[in-house]
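Peer 1: Following this line is data_7.txt, made up of compact mmCIF, C-alpha atoms (C1' of nucleotides):
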```
# COMPACT_ATOMS: atom_id res chain seq x y z
CA MET A 1 72.55 10.97 12.42
CA PHE A 2 72.78 10.75 8.63
CA GLY A 3 76.15 12.38 8.13
CA LYS A 4 76.69 16.06 8.67
CA SER A 5 76.11 17.26 5.14
CA ILE A 6 72.79 15.48 4.89
CA ASN A 7 71.67 16.84 8.24
CA LYS A 8 72.71 20.30 7.19
CA LYS A 9 70.72 20.06 4.00
CA LEU A 10 67.66 18.90 5.88
CA LYS A 11 67.89 21.75 8.35
CA GLU A 12 68.54 24.35 5.66
CA ASN A 13 65.39 23.26 3.93
CA ASP A 14 63.03 23.23 6.90
CA TYR A 15 62.75 19.57 6.65
CA ARG A 16 60.77 18.08 9.52
CA LEU A 17 62.29 14.78 10.52
CA THR A 18 59.41 12.36 10.92
CA GLY A 19 59.59 8.65 11.59
CA GLN A 20 58.59 7.96 7.99
CA ARG A 21 61.30 10.14 6.56
CA THR A 22 63.88 8.64 8.84
CA ALA A 23 62.85 5.18 7.67
CA ILE A 24 63.10 6.19 4.03
CA LEU A 25 66.48 7.80 4.50
CA GLU A 26 67.73 4.72 6.29
CA VAL A 27 66.53 2.53 3.44
CA MET A 28 68.34 4.70 0.94
CA MET A 29 71.54 4.64 2.98
CA ASP A 30 71.32 0.86 3.32
CA ASN A 31 71.12 0.64 -0.44
CA GLN A 32 73.97 2.85 -1.44
CA GLY A 33 74.74 2.34 -5.12
CA ARG A 34 71.44 0.61 -5.84
CA HIS A 35 68.60 2.17 -7.78
CA LEU A 36 65.30 1.64 -6.01
CA SER A 37 61.81 2.24 -7.31
CA ALA A 38 59.18 3.82 -5.06
CA GLU A 39 57.56 0.42 -4.50
CA GLU A 40 60.87 -1.09 -3.48
CA VAL A 41 61.48 1.74 -1.04
CA LEU A 42 57.96 1.26 0.34
CA ALA A 43 58.50 -2.46 0.92
CA GLN A 44 61.70 -1.87 2.84
CA ALA A 45 60.43 1.14 4.75
CA ARG A 46 57.43 -0.86 5.95
CA LYS A 47 59.77 -3.08 7.93
CA LYS A 48 60.51 -0.05 10.08
CA GLN A 49 57.24 1.86 9.74
CA PRO A 50 54.49 -0.66 8.99
CA ASN A 51 51.80 1.89 8.23
CA ILE A 52 53.71 4.05 5.82
CA GLY A 53 51.87 4.63 2.55
CA ILE A 54 53.04 4.93 -1.02
CA ALA A 55 52.04 8.60 -1.22
CA THR A 56 54.41 9.46 1.59
CA VAL A 57 57.17 7.57 -0.14
CA TYR A 58 56.66 9.49 -3.37
CA ARG A 59 56.42 12.80 -1.55
CA THR A 60 59.56 12.14 0.44
CA LEU A 61 61.62 10.84 -2.46
CA GLU A 62 60.59 13.86 -4.48
CA LYS A 63 61.66 16.26 -1.75
CA LEU A 64 64.95 14.53 -1.10
CA ALA A 65 65.70 14.59 -4.80
CA ALA A 66 64.85 18.29 -4.94
CA ILE A 67 67.57 19.05 -2.41
CA ASP A 68 70.06 16.70 -4.06
CA ILE A 69 70.17 14.11 -1.32
CA LEU A 70 68.82 11.61 -3.78
CA TYR A 71 69.30 11.30 -7.47
CA LYS A 72 66.30 10.39 -9.58
CA SER A 73 66.49 8.73 -12.94
CA MET A 74 64.69 6.35 -15.23
CA PHE A 75 66.10 3.35 -17.00
CA ASN A 76 64.26 0.90 -19.19
CA ASP A 77 61.17 0.09 -17.20
CA ASP A 78 59.12 3.25 -17.18
CA LYS A 79 59.41 3.96 -13.51
CA TYR A 80 61.58 6.35 -11.63
CA ARG A 81 64.39 5.01 -9.52
CA TYR A 82 66.21 6.75 -6.72
CA GLU A 83 69.67 6.38 -5.29
CA ILE A 84 71.54 8.19 -2.56
CA ASN A 85 73.79 10.93 -3.84
CA ASP A 86 77.08 10.78 -1.99
CA ASP A 87 78.49 14.15 -2.90
CA HIS A 88 75.14 15.85 -3.18
CA ASN A 89 76.27 18.89 -5.04
CA GLU A 90 77.45 17.81 -8.37
CA HIS A 91 75.91 14.70 -9.78
CA HIS A 92 77.50 13.28 -12.81
CA HIS A 93 75.76 10.03 -13.31
CA HIS A 94 77.10 7.71 -15.90
CA HIS A 95 75.10 4.57 -15.89
CA ILE A 96 75.93 1.40 -17.70
CA VAL A 97 72.68 -0.47 -18.22
CA CYS A 98 72.74 -4.11 -19.28
CA LEU A 99 69.97 -4.74 -21.80
CA ALA A 100 69.77 -8.40 -20.87
CA CYS A 101 69.78 -8.56 -17.07
CA GLY A 102 69.06 -4.92 -16.35
CA LYS A 103 72.02 -4.62 -14.00
CA ILE A 104 73.31 -1.08 -13.72
CA ALA A 105 76.95 -0.25 -13.25
CA GLU A 106 78.32 3.19 -12.66
CA LEU A 107 81.17 4.99 -14.26
CA GLU A 108 83.15 7.45 -12.20
CA ASP A 109 84.78 9.14 -15.09
CA ASP A 110 84.64 12.81 -15.82
CA LEU A 111 85.64 12.80 -19.43
CA LEU A 112 82.72 15.00 -20.24
CA CYS A 113 84.01 18.14 -18.62
CA SER A 114 85.66 19.29 -21.80
CA LEU A 115 82.41 18.90 -23.67
CA GLU A 116 80.64 20.94 -21.04
CA GLY A 117 83.27 23.60 -21.44
CA GLN A 118 82.49 23.80 -25.13
CA LEU A 119 78.80 24.27 -24.45
CA GLU A 120 79.55 27.00 -21.96
CA THR A 121 81.57 28.95 -24.47
CA GLN A 122 78.47 28.73 -26.66
CA GLY A 123 76.40 30.50 -24.01
CA PHE A 124 74.70 27.54 -22.33
CA GLU A 125 74.72 27.13 -18.59
CA VAL A 126 75.20 23.44 -17.94
CA VAL A 127 73.37 22.33 -14.82
CA ASP A 128 73.81 18.63 -15.10
CA HIS A 129 74.37 15.86 -17.54
CA GLU A 130 73.45 12.27 -17.75
CA LEU A 131 75.06 9.57 -19.79
CA LYS A 132 73.75 6.10 -20.32
CA PHE A 133 75.44 3.24 -22.09
CA PHE A 134 73.21 0.43 -23.22
CA VAL A 135 75.27 -2.70 -23.20
CA TYR A 136 75.41 -6.43 -22.85
CA CYS A 137 77.48 -7.06 -19.78
CA PRO A 138 80.22 -9.70 -19.72
CA VAL A 139 78.07 -12.20 -17.80
CA CYS A 140 75.12 -11.96 -20.17
CA ARG A 141 77.33 -12.15 -23.23
CA LYS A 142 78.70 -15.44 -21.99
CA LYS A 143 75.20 -16.83 -21.40
CA GLN A 144 74.17 -15.97 -24.94
CA ASN A 145 77.58 -17.15 -26.12
CA LYS A 146 78.17 -14.07 -28.17
CA MET B 1 58.55 6.60 -51.28
CA PHE B 2 60.26 7.19 -47.96
CA GLY B 3 63.86 6.83 -49.08
CA LYS B 4 65.31 3.48 -50.04
CA SER B 5 66.74 2.47 -46.71
CA ILE B 6 63.46 3.07 -44.92
CA ASN B 7 61.54 1.13 -47.55
CA LYS B 8 64.02 -1.71 -47.32
CA LYS B 9 63.63 -1.86 -43.54
CA LEU B 10 59.87 -1.92 -43.85
CA LYS B 11 59.96 -4.76 -46.34
CA GLU B 12 62.52 -6.75 -44.39
CA ASN B 13 60.25 -6.61 -41.39
CA ASP B 14 57.00 -7.64 -43.05
CA TYR B 15 55.62 -4.27 -42.45
CA ARG B 16 52.24 -3.81 -44.08
CA LEU B 17 51.97 -0.28 -45.43
CA THR B 18 48.58 1.02 -44.37
CA GLY B 19 47.21 4.52 -44.80
CA GLN B 20 47.70 5.15 -41.09
CA ARG B 21 51.32 4.11 -41.12
CA THR B 22 52.00 6.18 -44.18
CA ALA B 23 50.47 9.18 -42.46
CA ILE B 24 52.58 8.66 -39.35
CA LEU B 25 55.77 8.22 -41.36
CA GLU B 26 55.02 11.38 -43.29
CA VAL B 27 54.48 13.28 -40.07
CA MET B 28 57.79 12.06 -38.75
CA MET B 29 59.60 12.99 -41.95
CA ASP B 30 58.00 16.43 -41.90
CA ASN B 31 59.35 16.92 -38.42
CA GLN B 32 62.92 15.87 -38.89
CA GLY B 33 64.95 16.95 -35.88
CA ARG B 34 61.91 17.56 -33.69
CA HIS B 35 60.86 15.31 -30.84
CA LEU B 36 57.16 14.56 -30.98
CA SER B 37 54.98 12.95 -28.34
CA ALA B 38 52.36 10.41 -29.34
CA GLU B 39 49.63 13.01 -28.92
CA GLU B 40 51.46 15.43 -31.16
CA VAL B 41 51.88 12.75 -33.80
CA LEU B 42 48.18 11.93 -33.50
CA ALA B 43 47.14 15.54 -34.02
CA GLN B 44 49.22 15.87 -37.16
CA ALA B 45 48.34 12.45 -38.52
CA ARG B 46 44.63 13.23 -38.19
CA LYS B 47 45.01 15.91 -40.83
CA LYS B 48 45.74 13.12 -43.28
CA GLN B 49 43.77 10.27 -41.70
CA PRO B 50 40.94 11.80 -39.68
CA ASN B 51 39.86 8.58 -38.00
CA ILE B 52 43.21 7.41 -36.78
CA GLY B 53 43.26 6.55 -33.08
CA ILE B 54 45.85 6.98 -30.40
CA ALA B 55 46.33 3.22 -30.01
CA THR B 56 47.41 2.94 -33.63
CA VAL B 57 49.83 5.78 -33.13
CA TYR B 58 51.43 4.09 -30.14
CA ARG B 59 51.57 0.74 -31.89
CA THR B 60 53.12 2.22 -34.99
CA LEU B 61 55.67 4.38 -33.19
CA GLU B 62 56.69 1.39 -31.12
CA LYS B 63 57.21 -0.76 -34.20
CA LEU B 64 59.11 1.89 -36.09
CA ALA B 65 61.35 2.40 -33.09
CA ALA B 66 61.95 -1.34 -32.85
CA ILE B 67 63.40 -1.38 -36.34
CA ASP B 68 65.41 1.79 -35.78
CA ILE B 69 63.45 4.01 -38.12
CA LEU B 70 62.53 6.15 -35.15
CA TYR B 71 64.40 6.93 -32.02
CA LYS B 72 62.47 6.99 -28.77
CA SER B 73 63.50 8.90 -25.71
CA MET B 74 62.17 10.74 -22.72
CA PHE B 75 63.11 14.17 -21.50
CA ASN B 76 61.65 16.02 -18.57
CA ASP B 77 57.95 15.58 -18.98
CA ASP B 78 57.20 11.94 -18.35
CA LYS B 79 56.18 11.10 -21.85
CA TYR B 80 58.04 9.41 -24.64
CA ARG B 81 59.04 11.43 -27.65
CA TYR B 82 59.95 10.14 -31.06
CA GLU B 83 62.12 11.49 -33.82
CA ILE B 84 63.14 10.17 -37.19
CA ASN B 85 66.49 8.44 -37.20
CA ASP B 86 68.40 9.53 -40.27
CA ASP B 87 71.13 6.94 -40.30
CA HIS B 88 69.02 4.24 -38.73
CA ASN B 89 71.81 1.94 -37.72
CA GLU B 90 73.85 3.67 -35.14
CA HIS B 91 72.10 6.19 -33.00
CA HIS B 92 74.24 8.36 -30.89
CA HIS B 93 71.89 10.86 -29.45
CA HIS B 94 73.32 13.70 -27.51
CA HIS B 95 70.56 15.96 -26.43
CA ILE B 96 70.90 19.35 -24.86
CA VAL B 97 67.76 20.01 -22.87
CA CYS B 98 66.97 23.50 -21.63
CA LEU B 99 65.49 23.30 -18.14
CA ALA B 100 63.65 26.57 -18.60
CA CYS B 101 62.00 26.44 -22.00
CA GLY B 102 62.38 22.74 -22.69
CA LYS B 103 63.97 23.31 -26.04
CA ILE B 104 66.17 20.44 -27.17
CA ALA B 105 69.30 20.91 -29.17
CA GLU B 106 71.40 18.12 -30.56
CA LEU B 107 75.08 17.55 -30.44
CA GLU B 108 76.72 15.83 -33.36
CA ASP B 109 79.91 15.07 -31.59
CA ASP B 110 81.33 11.63 -31.14
CA LEU B 111 83.70 12.29 -28.30
CA LEU B 112 82.37 9.28 -26.52
CA CYS B 113 83.87 6.67 -28.77
CA SER B 114 86.99 6.43 -26.69
CA LEU B 115 84.92 5.80 -23.60
CA GLU B 116 83.06 3.06 -25.40
CA GLY B 117 86.36 1.54 -26.37
CA GLN B 118 87.34 1.38 -22.72
CA LEU B 119 84.13 -0.42 -21.82
CA GLU B 120 84.65 -2.89 -24.60
CA THR B 121 88.10 -3.79 -23.37
CA GLN B 122 86.37 -4.50 -20.06
CA GLY B 123 84.14 -7.09 -21.71
CA PHE B 124 80.97 -5.08 -22.27
CA GLU B 125 79.24 -4.99 -25.61
CA VAL B 126 78.07 -1.43 -26.09
CA VAL B 127 74.83 -1.30 -28.04
CA ASP B 128 74.00 2.32 -27.67
CA HIS B 129 74.54 5.29 -25.49
CA GLU B 130 72.61 8.34 -24.61
CA LEU B 131 73.87 11.59 -23.25
CA LYS B 132 71.81 14.44 -21.93
CA PHE B 133 72.96 17.83 -20.82
CA PHE B 134 70.58 19.78 -18.62
CA VAL B 135 71.20 23.41 -19.26
CA TYR B 136 69.85 26.90 -19.35
CA CYS B 137 70.05 27.98 -22.94
CA PRO B 138 71.38 31.40 -23.94
CA VAL B 139 67.90 32.81 -24.55
CA CYS B 140 66.52 31.74 -21.17
CA ARG B 141 69.60 32.95 -19.35
CA LYS B 142 69.04 36.39 -20.79
CA LYS B 143 65.39 36.42 -19.71
CA GLN B 144 66.34 35.52 -16.15
CA ASN B 145 69.26 37.95 -16.42
CA LYS B 146 71.72 35.47 -15.08
C1' DT C 1 50.07 25.70 19.24
C1' DT C 2 50.58 25.72 14.47
C1' DA C 3 52.31 24.74 10.29
C1' DT C 4 53.66 20.47 8.06
C1' DG C 5 53.34 15.78 7.24
C1' DT C 6 50.52 11.50 6.90
C1' DG C 7 47.35 7.71 5.16
C1' DC C 8 43.78 6.58 2.48
C1' DA C 9 41.21 6.44 -1.47
C1' DA C 10 40.19 8.66 -5.52
C1' DA C 11 41.92 11.05 -9.57
C1' DG C 12 45.21 11.74 -13.28
C1' DG C 13 47.91 10.93 -17.29
C1' DA C 14 50.50 8.00 -20.39
C1' DT C 15 50.43 3.72 -22.44
C1' DT C 16 48.57 -0.99 -23.42
C1' DT C 17 45.18 -4.42 -24.46
C1' DG C 18 40.82 -7.18 -25.90
C1' DC C 19 37.95 -7.63 -29.42
C1' DA C 20 35.08 -7.32 -33.46
C1' DA C 21 35.36 -5.11 -37.78
C1' DC C 22 38.49 -3.97 -41.62
C1' DA C 23 42.03 -3.88 -45.32
C1' DG C 24 46.74 -5.02 -47.54
C1' DT C 25 48.84 -8.50 -50.02
C1' DA D 1 40.95 -15.53 -48.43
C1' DC D 2 44.37 -14.95 -44.95
C1' DT D 3 46.65 -12.54 -41.71
C1' DG D 4 47.97 -8.49 -39.85
C1' DT D 5 45.97 -3.91 -38.58
C1' DT D 6 42.55 -0.72 -36.84
C1' DG D 7 39.40 1.97 -33.60
C1' DC D 8 37.16 2.04 -29.59
C1' DA D 9 36.69 1.62 -24.83
C1' DA D 10 38.22 -0.44 -20.93
C1' DA D 11 42.14 -1.70 -18.32
C1' DT D 12 46.75 -1.00 -16.41
C1' DC D 13 50.49 1.11 -14.32
C1' DC D 14 52.93 4.76 -12.14
C1' DT D 15 52.34 8.92 -9.86
C1' DT D 16 49.77 12.82 -7.78
C1' DT D 17 46.17 14.99 -5.07
C1' DG D 18 42.26 16.19 -1.65
C1' DC D 19 41.13 15.88 2.73
C1' DA D 20 40.59 14.88 7.61
C1' DC D 21 43.61 13.48 11.13
C1' DA D 22 48.11 13.35 13.40
C1' DT D 23 52.56 15.13 14.93
C1' DA D 24 57.34 17.58 15.12
C1' DA D 25 59.05 21.91 16.46
```
Mind converting the file's structure to structure tokens?
Peer 2:
Amino acid sequence: MFGKSINKKLKENDYRLTGQRTAILEVMMDNQGRHLSAEEVLAQARKKQPNIGIATVYRTLEKLAAIDILYKSMFNDDKYRYEINDDHNEHHHHHIVCLACGKIAELEDDLLCSLEGQLETQGFEVVDHELKFFVYCPVCRKKQNK
Amino acid sequence: MFGKSINKKLKENDYRLTGQRTAILEVMMDNQGRHLSAEEVLAQARKKQPNIGIATVYRTLEKLAAIDILYKSMFNDDKYRYEINDDHNEHHHHHIVCLACGKIAELEDDLLCSLEGQLETQGFEVVDHELKFFVYCPVCRKKQNK
DNA sequence: TTATGTGCAAAGGATTTGCAACAGT
DNA sequence: ACTGTTGCAAATCCTTTGCACATAA
């Protein structure tokens, strides 16, 4: 009910499908491309499961991130944020963070592969990478007339 | 006494040079290229200023980061780490983080300039970027015989 | 049934803050 | 002297954990 590759992952990992987890997964699917904090997930999940607690949210997000269904990262506000990971095998997340409004855009590019190749010839095994650009986005630049 | 460009920055920013701040700056200079947590800075600073408190360390690190004398970032252990910023104007930090031992290497490359250029033609103002590779380093790979 | 998952409240760890005393300039 | 800085302890914020109860398989 969540797409075959997600269901497969859940099954492979002995992942008991409770009402709470279903609610959380639904929230994450409804927010594709957005980066939600645990509190934000809680607020939305409560609409479906009124008694769900924050501990369950953290535990579930953590587990889903561990099996690559979610991607976990932190921007500029000291709290982790989670987003659904479409192709949950390789995750090359290139975020473009606006320093003014905090909006986060994503970059689909894979320019970095050649760099990874270099590292691998040096004996590193590259598991993942993460690139962040800190920017002023076009809208904010206009507001500040820069 | 800390190199002319650091002294200039301090003066420009009305930065009163106390014994505590001197101690912290010395610690950071002594650890060029390393990434210290606030607690680690505290421990070393106490050798010079036995009564210095953790609040002062946080306040000082924050201020030095604000004027680009330090660079602040977080790796995989939920605490901020600080390092001295040699050319404290542009900071292009490319860290290579080993997932096994936590060791952090740096990459001096500037392959990303072309990507920045693309963003700028799209109307973004790029202030900074940050790239992290999550890897297993050669030493750890050997230990795990991978 | 039986191992896993849940909610709650308490604990934990990093960081910040209020405030009275202190110290550069 | 004036103003910014300090140390301490308490407060804050995000996240984790212990435990008794509940529930999916």
Peer 1: Using all atoms listed in the file, which residues sit within 8 Å of A:Val41 once same-chain residues fewer than 3 positions away are excluded, as a list in words?
Peer 2: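 Answer for this query is Ile24, Val27, Met28, Leu36, Ser37, Ala38, Gln44, Ala45 and Val57 of chain A.
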Peer 1: Would you list the contacts of D:DA22 as a VMD selection string, taking every protein, DNA or RNA residue within 12 Å and counting all atoms listed in the file, but skipping same-chain residues closer than 2 positions in sequence?
Peer 2: (chain A and resid 18) or (chain C and resid 4 to 7) or (chain D and resid 20 24)
Peer 1: For D:DC8, which residue among B:Cys137, B:Leu17, B:Leu25, B:Ile54 is the nearest when counting only C-alpha atoms (C1' of nucleotides)?
Peer 2: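 Closest to D:DC8 of all the choices is B:Ile54.
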Peer 1: Write out as a VMD selection string each polymer residue whose atoms come within 12 Å of A:Ala55, counting only C-alpha atoms (C1' of nucleotides); drop sequence neighbours fewer than 5 positions from it.
Peer 2: (chain A and resid 20 38 to 39 41 to 42 60 to 62) or (chain C and resid 5 to 9) or (chain D and resid 14 to 17)
Peer 1: As an exercise, work out the distance from atom CA of A:Asn7 to atom C1' of D:DA25 in Å and give it to one decimal place.
Peer 2: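 The value is 15.9 Å.
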Peer 1: Restricting the calculation to all atoms listed in the file: of B:Arg46, B:Ala105, B:Tyr80, B:Tyr71, which residue gets closest to B:Tyr58?
Peer 2: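 Checking each candidate against B:Tyr58, we get B:Tyr80 as the closest.
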Peer 1: Using atom CA of A:Ile96 and atom CA of A:Gln118 as the two end points, give the distance in Å to one decimal.
Peer 2: 24.5 Å
Peer 1: Write out as a list in words every residue belonging to chain B that has an atom at most 7 Å from any atom of chain A, counting all atoms listed in the file.
Peer 2: Gly123, Phe124, Glu125, Val126, Val127, Asp128, His129, Glu130, Leu131, Lys132, Phe133, Phe134, Val135, Tyr136, Cys137 and Pro138 of chain B
Peer 1: Could you give me, as a ChimeraX atom specification, the residues that have an atom at most 8 Å away from the point (50.2, 1.8, -19.6) in the coordinates of the file, using all atoms listed in the file?
Peer 2: /C:14-16 /D:12-13
Peer 1: Could you dump the residues just selected with C-alpha atoms (C1' of nucleotides) as a short mmCIF file (atom, residue, chain, number, x, y, z; two decimals), keeping the file's coordinate frame?
Peer 2:
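The new file result-v1.cif reads:
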```
data_model
loop_
_atom_site.label_atom_id
_atom_site.label_comp_id
_atom_site.auth_asym_id
_atom_site.auth_seq_id
_atom_site.Cartn_x
_atom_site.Cartn_y
_atom_site.Cartn_z
"C1'" DA C 14 50.50 8.00 -20.39
"C1'" DT C 15 50.43 3.72 -22.44
"C1'" DT C 16 48.57 -0.99 -23.42
"C1'" DT D 12 46.75 -1.00 -16.41
"C1'" DC D 13 50.49 1.11 -14.32
#
```
Peer 1: In Å, how far is it from atom CA of A:His35 to atom CA of A:Asp86?
Peer 2: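 Here the two named atoms are 13.4 Å from each other.
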Peer 1: Select all residues from chain A having any atom no more than 8 Å from an atom of chain C (counting all atoms listed in the file, ignoring ligands), output as a PDB file with C-alpha atoms, in the coordinates of the input.
Peer 2:
```pdb
ATOM      1  CA  ARG A  16      60.770  18.080   9.520  1.00  0.00           C
ATOM      2  CA  THR A  18      59.410  12.360  10.920  1.00  0.00           C
ATOM      3  CA  ASN A  51      51.800   1.890   8.230  1.00  0.00           C
ATOM      4  CA  ILE A  52      53.710   4.050   5.820  1.00  0.00           C
ATOM      5  CA  GLY A  53      51.870   4.630   2.550  1.00  0.00           C
ATOM      6  CA  ALA A  55      52.040   8.600  -1.220  1.00  0.00           C
ATOM      7  CA  THR A  56      54.410   9.460   1.590  1.00  0.00           C
TER       8      THR A  56
END
```
Peer 1: Give the centre and edge lengths of an axis-aligned box, in Å to one decimal, that holds all listed atoms of stretch 5-17 of chain D with 3 Å on each side, as JSON.
Peer 2:
```
{"center_x": 44.8, "center_y": 5.5, "center_z": -21.8, "size_x": 22.2, "size_y": 24.9, "size_z": 39.5}
```
